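Engineer: Input model11.pdb, format and content: PDB, C-alpha atoms, pLDDT in the B column.
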MODEL        1
ATOM      1  CA  MET A  24      45.895  22.143  58.437  1.00 57.00           C
ATOM      2  CA  ASN A  25      49.498  23.267  58.571  1.00 73.00           C
ATOM      3  CA  SER A  26      52.368  23.056  60.995  1.00 88.00           C
ATOM      4  CA  LYS A  27      56.110  23.445  60.721  1.00 93.00           C
ATOM      5  CA  ASN A  28      56.548  19.942  59.293  1.00 97.00           C
ATOM      6  CA  ILE A  29      53.177  19.261  57.687  1.00 98.00           C
ATOM      7  CA  SER A  30      51.404  21.070  54.841  1.00 98.00           C
ATOM      8  CA  ILE A  31      47.906  19.867  53.921  1.00 98.00           C
ATOM      9  CA  GLU A  32      45.742  21.430  51.230  1.00 98.00           C
ATOM     10  CA  LEU A  33      42.470  20.566  49.555  1.00 98.00           C
ATOM     11  CA  THR A  34      41.881  23.262  46.987  1.00 98.00           C
ATOM     12  CA  PRO A  35      40.081  24.199  43.759  1.00 97.00           C
ATOM     13  CA  GLU A  36      43.270  26.041  42.725  1.00 97.00           C
ATOM     14  CA  LYS A  37      45.985  24.589  40.493  1.00 97.00           C
ATOM     15  CA  LEU A  38      48.476  22.496  42.490  1.00 98.00           C
ATOM     16  CA  SER A  39      52.192  23.257  42.459  1.00 97.00           C
ATOM     17  CA  ALA A  40      54.796  20.522  42.840  1.00 98.00           C
ATOM     18  CA  GLN A  41      57.338  23.292  43.332  1.00 98.00           C
ATOM     19  CA  ALA A  42      55.410  24.718  46.286  1.00 98.00           C
ATOM     20  CA  CYS A  43      55.318  21.260  47.922  1.00 98.00           C
ATOM     21  CA  SER A  44      59.026  20.767  47.296  1.00 98.00           C
ATOM     22  CA  ASP A  45      59.825  24.232  48.696  1.00 98.00           C
ATOM     23  CA  PHE A  46      57.768  23.541  51.808  1.00 98.00           C
ATOM     24  CA  VAL A  47      59.571  20.305  52.678  1.00 98.00           C
ATOM     25  CA  ASP A  48      63.057  21.506  51.705  1.00 97.00           C
ATOM     26  CA  ASP A  49      65.346  21.737  54.712  1.00 96.00           C
ATOM     27  CA  PRO A  50      69.101  22.144  55.218  1.00 96.00           C
ATOM     28  CA  SER A  51      69.197  18.853  57.131  1.00 95.00           C
ATOM     29  CA  CYS A  52      67.529  16.819  54.392  1.00 95.00           C
ATOM     30  CA  GLY A  53      69.514  14.869  51.830  1.00 96.00           C
ATOM     31  CA  GLY A  54      66.685  14.306  49.395  1.00 97.00           C
ATOM     32  CA  ILE A  55      63.092  15.047  48.484  1.00 98.00           C
ATOM     33  CA  SER A  56      60.744  12.474  46.981  1.00 98.00           C
ATOM     34  CA  ILE A  57      57.791  13.905  45.070  1.00 98.00           C
ATOM     35  CA  PHE A  58      54.775  12.098  43.655  1.00 98.00           C
ATOM     36  CA  VAL A  59      52.745  14.042  41.111  1.00 98.00           C
ATOM     37  CA  GLY A  60      49.458  12.503  40.028  1.00 97.00           C
ATOM     38  CA  THR A  61      48.213  13.541  36.593  1.00 96.00           C
ATOM     39  CA  VAL A  62      44.921  13.116  34.765  1.00 95.00           C
ATOM     40  CA  ARG A  63      45.265  10.360  32.159  1.00 92.00           C
ATOM     41  CA  ASN A  64      43.565  10.625  28.759  1.00 93.00           C
ATOM     42  CA  GLN A  65      42.002   7.159  28.858  1.00 91.00           C
ATOM     43  CA  SER A  66      40.497   4.667  31.286  1.00 90.00           C
ATOM     44  CA  ALA A  67      40.185   0.965  30.378  1.00 86.00           C
ATOM     45  CA  GLY A  68      40.579   1.913  26.714  1.00 89.00           C
ATOM     46  CA  LYS A  69      37.955   4.654  26.731  1.00 92.00           C
ATOM     47  CA  LYS A  70      38.819   8.245  25.973  1.00 95.00           C
ATOM     48  CA  VAL A  71      38.471  10.438  29.052  1.00 94.00           C
ATOM     49  CA  THR A  72      37.389  14.030  28.433  1.00 94.00           C
ATOM     50  CA  LEU A  73      37.685  15.348  31.989  1.00 94.00           C
ATOM     51  CA  LEU A  74      37.657  14.324  35.626  1.00 95.00           C
ATOM     52  CA  GLU A  75      35.607  15.747  38.431  1.00 96.00           C
ATOM     53  CA  PHE A  76      36.820  15.441  42.026  1.00 97.00           C
ATOM     54  CA  SER A  77      34.445  15.927  44.912  1.00 97.00           C
ATOM     55  CA  ALA A  78      35.376  15.639  48.556  1.00 98.00           C
ATOM     56  CA  TYR A  79      33.957  15.527  52.040  1.00 98.00           C
ATOM     57  CA  GLY A  80      36.177  18.503  52.731  1.00 98.00           C
ATOM     58  CA  PRO A  81      36.564  18.689  56.515  1.00 98.00           C
ATOM     59  CA  MET A  82      37.015  14.928  56.880  1.00 98.00           C
ATOM     60  CA  ALA A  83      39.362  14.726  53.872  1.00 98.00           C
ATOM     61  CA  VAL A  84      41.628  17.325  55.480  1.00 98.00           C
ATOM     62  CA  LYS A  85      41.513  15.412  58.778  1.00 98.00           C
ATOM     63  CA  GLU A  86      42.395  12.132  57.052  1.00 98.00           C
ATOM     64  CA  MET A  87      45.244  13.715  55.066  1.00 98.00           C
ATOM     65  CA  THR A  88      46.581  15.265  58.272  1.00 98.00           C
ATOM     66  CA  SER A  89      46.393  11.912  60.008  1.00 98.00           C
ATOM     67  CA  ILE A  90      48.328  10.263  57.142  1.00 98.00           C
ATOM     68  CA  ALA A  91      50.984  12.997  57.345  1.00 98.00           C
ATOM     69  CA  LYS A  92      51.393  12.530  61.117  1.00 98.00           C
ATOM     70  CA  ASP A  93      51.534   8.783  60.616  1.00 98.00           C
ATOM     71  CA  VAL A  94      54.273   9.195  57.985  1.00 98.00           C
ATOM     72  CA  LEU A  95      56.367  11.420  60.265  1.00 98.00           C
ATOM     73  CA  SER A  96      56.170   8.866  63.080  1.00 97.00           C
ATOM     74  CA  LYS A  97      56.609   5.692  60.954  1.00 98.00           C
ATOM     75  CA  PHE A  98      59.460   6.779  58.672  1.00 98.00           C
ATOM     76  CA  ASP A  99      62.748   8.561  59.227  1.00 98.00           C
ATOM     77  CA  VAL A 100      61.612  11.692  57.394  1.00 98.00           C
ATOM     78  CA  LEU A 101      61.533  15.402  58.251  1.00 97.00           C
ATOM     79  CA  LYS A 102      58.647  17.066  56.482  1.00 98.00           C
ATOM     80  CA  ILE A 103      55.685  16.205  54.305  1.00 98.00           C
ATOM     81  CA  ALA A 104      53.263  18.076  52.056  1.00 98.00           C
ATOM     82  CA  ILE A 105      50.037  16.496  50.803  1.00 98.00           C
ATOM     83  CA  HIS A 106      48.028  18.662  48.417  1.00 98.00           C
ATOM     84  CA  HIS A 107      44.876  17.487  46.626  1.00 98.00           C
ATOM     85  CA  ALA A 108      42.724  19.302  44.102  1.00 98.00           C
ATOM     86  CA  GLU A 109      38.933  19.351  43.928  1.00 98.00           C
ATOM     87  CA  GLY A 110      36.591  20.363  41.144  1.00 98.00           C
ATOM     88  CA  VAL A 111      36.914  19.808  37.409  1.00 97.00           C
ATOM     89  CA  LEU A 112      40.319  18.770  36.049  1.00 97.00           C
ATOM     90  CA  GLU A 113      41.360  18.329  32.444  1.00 95.00           C
ATOM     91  CA  ILE A 114      43.819  15.927  30.831  1.00 95.00           C
ATOM     92  CA  GLY A 115      47.315  16.591  32.146  1.00 94.00           C
ATOM     93  CA  ASP A 116      46.101  18.536  35.186  1.00 96.00           C
ATOM     94  CA  VAL A 117      47.431  17.536  38.583  1.00 97.00           C
ATOM     95  CA  PRO A 118      44.958  16.152  41.151  1.00 98.00           C
ATOM     96  CA  VAL A 119      47.541  15.293  43.807  1.00 98.00           C
ATOM     97  CA  VAL A 120      51.073  16.164  44.890  1.00 98.00           C
ATOM     98  CA  ILE A 121      52.943  14.541  47.759  1.00 98.00           C
ATOM     99  CA  ALA A 122      56.441  15.660  48.741  1.00 98.00           C
ATOM    100  CA  VAL A 123      58.558  14.146  51.495  1.00 98.00           C
ATOM    101  CA  ALA A 124      61.986  15.290  52.661  1.00 98.00           C
ATOM    102  CA  ALA A 125      64.377  12.984  54.483  1.00 98.00           C
ATOM    103  CA  ALA A 126      68.036  12.734  55.378  1.00 97.00           C
ATOM    104  CA  HIS A 127      68.320   9.658  53.137  1.00 97.00           C
ATOM    105  CA  ARG A 128      66.533   8.647  49.933  1.00 96.00           C
ATOM    106  CA  LYS A 129      65.189   5.239  50.968  1.00 97.00           C
ATOM    107  CA  ALA A 130      62.954   6.668  53.704  1.00 98.00           C
ATOM    108  CA  ALA A 131      61.818   9.482  51.391  1.00 98.00           C
ATOM    109  CA  PHE A 132      60.750   7.038  48.631  1.00 98.00           C
ATOM    110  CA  GLU A 133      59.037   4.647  51.048  1.00 98.00           C
ATOM    111  CA  ALA A 134      57.213   7.394  52.927  1.00 98.00           C
ATOM    112  CA  CYS A 135      55.991   8.970  49.692  1.00 98.00           C
ATOM    113  CA  GLN A 136      54.651   5.646  48.430  1.00 98.00           C
ATOM    114  CA  TYR A 137      52.977   4.898  51.759  1.00 98.00           C
ATOM    115  CA  ALA A 138      51.325   8.330  51.757  1.00 98.00           C
ATOM    116  CA  ILE A 139      49.816   8.054  48.257  1.00 98.00           C
ATOM    117  CA  ASP A 140      48.727   4.415  48.794  1.00 98.00           C
ATOM    118  CA  THR A 141      47.008   5.305  52.072  1.00 98.00           C
ATOM    119  CA  LEU A 142      45.414   8.445  50.611  1.00 98.00           C
ATOM    120  CA  LYS A 143      43.844   6.343  47.849  1.00 97.00           C
ATOM    121  CA  GLU A 144      42.379   3.954  50.455  1.00 96.00           C
ATOM    122  CA  SER A 145      41.047   6.259  53.126  1.00 97.00           C
ATOM    123  CA  VAL A 146      40.653   9.916  52.168  1.00 98.00           C
ATOM    124  CA  PRO A 147      37.006  10.730  51.322  1.00 98.00           C
ATOM    125  CA  ILE A 148      37.533  12.109  47.831  1.00 98.00           C
ATOM    126  CA  TRP A 149      35.695  10.774  44.782  1.00 97.00           C
ATOM    127  CA  LYS A 150      36.595  10.920  41.133  1.00 96.00           C
ATOM    128  CA  LYS A 151      34.022  10.938  38.370  1.00 95.00           C
ATOM    129  CA  GLU A 152      35.343  10.141  34.902  1.00 95.00           C
ATOM    130  CA  HIS A 153      33.622  11.895  32.036  1.00 95.00           C
ATOM    131  CA  PHE A 154      33.691  10.194  28.630  1.00 95.00           C
ATOM    132  CA  GLU A 155      32.382  11.325  25.279  1.00 92.00           C
ATOM    133  CA  ASP A 156      29.286   9.165  25.873  1.00 92.00           C
ATOM    134  CA  GLY A 157      28.720   9.396  29.611  1.00 93.00           C
ATOM    135  CA  GLU A 158      30.220   9.490  33.056  1.00 93.00           C
ATOM    136  CA  VAL A 159      31.074   7.081  35.863  1.00 92.00           C
ATOM    137  CA  TRP A 160      32.143   7.225  39.512  1.00 92.00           C
ATOM    138  CA  VAL A 161      35.503   5.468  39.737  1.00 93.00           C
ATOM    139  CA  ASN A 162      35.552   2.356  42.027  1.00 88.00           C
ATOM    140  CA  ALA A 163      31.865   2.748  42.787  1.00 83.00           C
ATOM    141  CA  HIS A 164      30.869  -0.736  41.680  1.00 74.00           C
ATOM    142  CA  PRO A 165      32.174  -3.730  43.575  1.00 51.00           C
TER     143      PRO A 165
ATOM    144  CA  MET B   4      16.833  11.759  68.204  1.00 97.00           C
ATOM    145  CA  LYS B   5      17.730  13.605  65.034  1.00 97.00           C
ATOM    146  CA  ILE B   6      20.816  12.990  62.959  1.00 98.00           C
ATOM    147  CA  THR B   7      22.093  14.634  59.790  1.00 98.00           C
ATOM    148  CA  VAL B   8      23.264  12.434  56.949  1.00 98.00           C
ATOM    149  CA  LEU B   9      25.633  13.567  54.185  1.00 98.00           C
ATOM    150  CA  LEU B  10      25.679  11.558  50.959  1.00 97.00           C
ATOM    151  CA  PHE B  11      28.599  11.444  48.569  1.00 96.00           C
ATOM    152  CA  GLY B  12      29.607  10.042  45.186  1.00 94.00           C
ATOM    153  CA  ILE B  13      27.396   7.379  43.678  1.00 93.00           C
ATOM    154  CA  VAL B  14      25.219   7.205  46.805  1.00 94.00           C
ATOM    155  CA  GLY B  15      24.381  10.891  46.344  1.00 94.00           C
ATOM    156  CA  ASP B  16      23.530  10.283  42.689  1.00 92.00           C
ATOM    157  CA  LEU B  17      21.365   7.216  43.376  1.00 92.00           C
ATOM    158  CA  THR B  18      19.336   8.828  46.147  1.00 93.00           C
ATOM    159  CA  GLY B  19      19.242  12.267  44.531  1.00 95.00           C
ATOM    160  CA  GLU B  20      20.157  13.762  47.915  1.00 96.00           C
ATOM    161  CA  SER B  21      23.326  15.284  49.288  1.00 97.00           C
ATOM    162  CA  ARG B  22      22.045  15.953  52.790  1.00 98.00           C
ATOM    163  CA  LEU B  23      19.083  14.793  54.831  1.00 97.00           C
ATOM    164  CA  GLU B  24      17.771  14.605  58.383  1.00 97.00           C
ATOM    165  CA  MET B  25      16.666  11.333  59.953  1.00 97.00           C
ATOM    166  CA  ASP B  26      14.854  10.439  63.159  1.00 97.00           C
ATOM    167  CA  LEU B  27      16.287   7.442  65.001  1.00 97.00           C
ATOM    168  CA  THR B  28      15.488   5.808  68.321  1.00 96.00           C
ATOM    169  CA  GLU B  29      17.613   7.159  71.162  1.00 94.00           C
ATOM    170  CA  GLY B  30      20.899   5.243  71.400  1.00 92.00           C
ATOM    171  CA  ALA B  31      20.666   3.655  67.942  1.00 97.00           C
ATOM    172  CA  SER B  32      23.912   2.313  66.496  1.00 98.00           C
ATOM    173  CA  VAL B  33      25.501   2.847  63.089  1.00 98.00           C
ATOM    174  CA  GLY B  34      24.214  -0.637  62.194  1.00 97.00           C
ATOM    175  CA  VAL B  35      20.642   0.407  63.010  1.00 97.00           C
ATOM    176  CA  PHE B  36      21.078   3.556  60.929  1.00 97.00           C
ATOM    177  CA  LYS B  37      22.141   1.417  57.944  1.00 95.00           C
ATOM    178  CA  ILE B  38      18.970  -0.702  58.199  1.00 94.00           C
ATOM    179  CA  LYS B  39      16.760   2.408  58.335  1.00 96.00           C
ATOM    180  CA  PHE B  40      18.714   4.002  55.520  1.00 95.00           C
ATOM    181  CA  HIS B  41      18.183   0.983  53.279  1.00 94.00           C
ATOM    182  CA  GLU B  42      14.474   0.954  54.109  1.00 94.00           C
ATOM    183  CA  LYS B  43      14.289   4.590  53.047  1.00 95.00           C
ATOM    184  CA  TYR B  44      16.255   4.039  49.821  1.00 94.00           C
ATOM    185  CA  PRO B  45      15.560   0.545  48.436  1.00 92.00           C
ATOM    186  CA  ILE B  46      17.487   1.608  45.315  1.00 90.00           C
ATOM    187  CA  LEU B  47      20.648   1.176  47.409  1.00 88.00           C
ATOM    188  CA  LYS B  48      19.961  -2.537  47.830  1.00 80.00           C
ATOM    189  CA  GLN B  49      23.028  -3.612  45.832  1.00 79.00           C
ATOM    190  CA  TYR B  50      25.226  -0.863  47.262  1.00 83.00           C
ATOM    191  CA  THR B  51      26.321  -2.120  50.640  1.00 83.00           C
ATOM    192  CA  ASN B  52      29.949  -1.427  49.823  1.00 87.00           C
ATOM    193  CA  TYR B  53      30.239   1.844  51.711  1.00 93.00           C
ATOM    194  CA  ALA B  54      31.714   3.104  54.960  1.00 96.00           C
ATOM    195  CA  ILE B  55      30.080   5.347  57.523  1.00 97.00           C
ATOM    196  CA  ALA B  56      31.697   8.301  59.218  1.00 98.00           C
ATOM    197  CA  VAL B  57      30.300   9.852  62.374  1.00 98.00           C
ATOM    198  CA  ASN B  58      31.332  13.453  63.005  1.00 98.00           C
ATOM    199  CA  GLU B  59      34.122  13.206  60.398  1.00 98.00           C
ATOM    200  CA  ALA B  60      35.705   9.949  61.596  1.00 97.00           C
ATOM    201  CA  TYR B  61      35.172   6.423  60.228  1.00 98.00           C
ATOM    202  CA  ALA B  62      32.828   4.419  62.483  1.00 98.00           C
ATOM    203  CA  LEU B  63      31.987   0.703  62.695  1.00 97.00           C
ATOM    204  CA  ASP B  64      28.459  -0.711  63.009  1.00 97.00           C
ATOM    205  CA  GLU B  65      28.714  -0.990  66.820  1.00 98.00           C
ATOM    206  CA  VAL B  66      29.249   2.743  67.367  1.00 98.00           C
ATOM    207  CA  LEU B  67      26.330   4.326  69.208  1.00 98.00           C
ATOM    208  CA  LEU B  68      24.854   7.545  67.891  1.00 98.00           C
ATOM    209  CA  LYS B  69      23.861  10.689  69.739  1.00 97.00           C
ATOM    210  CA  ASN B  70      21.339  13.408  69.012  1.00 97.00           C
ATOM    211  CA  GLN B  71      22.644  15.826  66.329  1.00 97.00           C
ATOM    212  CA  ASP B  72      25.436  13.553  65.143  1.00 98.00           C
ATOM    213  CA  VAL B  73      26.498  14.133  61.543  1.00 98.00           C
ATOM    214  CA  LEU B  74      26.855  10.916  59.569  1.00 98.00           C
ATOM    215  CA  ALA B  75      28.417  10.550  56.161  1.00 98.00           C
ATOM    216  CA  VAL B  76      27.793   7.707  53.745  1.00 97.00           C
ATOM    217  CA  ILE B  77      31.137   7.082  52.079  1.00 97.00           C
ATOM    218  CA  PRO B  78      31.209   4.898  48.952  1.00 95.00           C
ATOM    219  CA  PRO B  79      34.616   3.505  47.927  1.00 95.00           C
ATOM    220  CA  VAL B  80      36.956   6.476  47.671  1.00 97.00           C
ATOM    221  CA  SER B  81      38.891   7.248  44.498  1.00 96.00           C
ATOM    222  CA  GLY B  82      41.081  10.253  45.166  1.00 96.00           C
ATOM    223  CA  GLY B  83      44.679  10.615  44.062  1.00 94.00           C
TER     224      GLY B  83
ENDMDL
END
Starting from the file, give its structure as structure tokens.
Structural biologist:
Amino acid sequence: MNSKNISIELTPEKLSAQACSDFVDDPSCGGISIFVGTVRNQSAGKKVTLLEFSAYGPMAVKEMTSIAKDVLSKFDVLKIAIHHAEGVLEIGDVPVVIAVAAAHRKAAFEACQYAIDTLKESVPIWKKEHFEDGEVWVNAHP
Amino acid sequence: MKITVLLFGIVGDLTGESRLEMDLTEGASVGVFKIKFHEKYPILKQYTNYAIAVNEAYALDEVLLKNQDVLAVIPPVSGG
């Protein structure tokens, strides 16, 4: 889903922080806050070999769009991009990029944090961690 | 009435299914679906920690279902 002020992507392609930054850039903004998630090489002390992201695609896009709209109405910001990857990612790859442009930095930082926190709570995307000796769905066990 | 159920994450792994059809009594709620679902997959006994979406939107137990609704069983998400 895309509009003038919102860019949402769920894609098997490599994500680009630059593309998100370019999308939100605007002559009237005074700053851009960007969160780039990266795949870490360990989880609770165990060596991670790769991560696998699966999504309920149509609903994930709807939820990301709803977060973006929410951000634009809650915070004094101009534009937002939320891009998430799906499929197999290796160490150092980027599963998520969020960029927010605002006239002033405080709103940009706060909106960016709100967007990633909310994404992690509500967007139907699941991460499976692969280790040298097995695999596990993250957060699956209460 | 017939509904379609999509299964994700650990729930997909435990049941060995990613999609199935179920027959429910006309006007059954999400809560009723959950009871039937657990009867069908006793292996899910310990896994009550999931949300349900109906037609791509989160739905509480009280929501009433219609013929041909698409449900999704959504274990705790872990994107980002």
Engineer: Residues of chain A that have any atom at most 10 Å from an atom of chain B: could you tabulate them with the shortest-distance atom pair and the distance in Å to one decimal, using all atoms listed in the file, ordered by chain and increasing number, as CSV?
Structural biologist:
residue,atom,partner,partner_atom,distance
A:Val59,CA,B:Gly83,CA,9.2
A:Gly60,CA,B:Gly83,CA,6.5
A:Thr61,CA,B:Gly83,CA,8.8
A:Val62,CA,B:Gly83,CA,9.6
A:Phe76,CA,B:Gly82,CA,7.4
A:Ser77,CA,B:Gly12,CA,7.6
A:Ala78,CA,B:Phe11,CA,8.0
A:Tyr79,CA,B:Phe11,CA,7.6
A:Gly80,CA,B:Glu59,CA,9.5
A:Pro81,CA,B:Glu59,CA,7.1
A:Met82,CA,B:Glu59,CA,4.9
A:Ala83,CA,B:Glu59,CA,8.5
A:Val84,CA,B:Glu59,CA,9.9
A:Lys85,CA,B:Glu59,CA,7.9
A:Glu86,CA,B:Ala60,CA,8.4
A:His106,CA,B:Gly83,CA,9.7
A:His107,CA,B:Gly83,CA,7.3
A:Ala108,CA,B:Gly83,CA,8.9
A:Glu109,CA,B:Gly82,CA,9.4
A:Val117,CA,B:Gly83,CA,9.2
A:Pro118,CA,B:Gly83,CA,6.3
A:Val119,CA,B:Gly83,CA,5.5
A:Val120,CA,B:Gly83,CA,8.5
A:Ile121,CA,B:Gly83,CA,9.9
A:Ile139,CA,B:Gly83,CA,7.1
A:Asp140,CA,B:Gly83,CA,8.8
A:Thr141,CA,B:Gly83,CA,9.9
A:Leu142,CA,B:Gly83,CA,6.9
A:Lys143,CA,B:Gly82,CA,5.5
A:Glu144,CA,B:Val80,CA,6.6
A:Ser145,CA,B:Val80,CA,6.8
A:Val146,CA,B:Val80,CA,6.8
A:Pro147,CA,B:Val80,CA,5.6
A:Ile148,CA,B:Gly82,CA,4.8
A:Trp149,CA,B:Ser81,CA,4.8
A:Lys150,CA,B:Ser81,CA,5.5
A:Lys151,CA,B:Gly12,CA,8.2
A:Val159,CA,B:Ile13,CA,8.6
A:Trp160,CA,B:Ile13,CA,6.3
A:Val161,CA,B:Ser81,CA,6.1
A:Asn162,CA,B:Pro79,CA,6.1
A:Ala163,CA,B:Pro79,CA,5.9
A:His164,CA,B:Tyr50,CA,7.9
A:Pro165,CA,B:Asn52,CA,7.0
Engineer: Given the file above and the PyMOL selection byres ((chain B and resi 40) around 12), which residues are selected, and can you give them as a PyMOL selection string?
Structural biologist: chain B and resi 6-10+14+18+23-27+33-39+41-48+50-51+55+74-76
Engineer: Distance CA of Ser26 (chain A)-CA of Lys129 (chain A), one decimal place?
Structural biologist: 24.1 Å
Engineer: Can you work out the spacing between CA of Glu152 (chain A) and CA of Asn64 (chain A) in Å, to one decimal?
Structural biologist: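 Between CA of Glu152 (chain A) and CA of Asn64 (chain A) the gap is 10.3 Å.
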Engineer: Applying the PyMOL selection byres ((chain A and resi 42-53) around 8) to the file I just gave you, which residues come out? Please list them as a list in words.
Structural biologist: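 So the PyMOL selection byres ((chain A and resi 42-53) around 8) ends up selecting Asn28, Ser30, Ser39, Ala40, Gln41, Gly54, Ile55, Ile57, Leu101, Lys102, Ile103, Ala104, Ile105, His106, Val120, Ile121, Ala122, Val123, Ala124, Ala125, Ala126, His127 and Arg128 of chain A.
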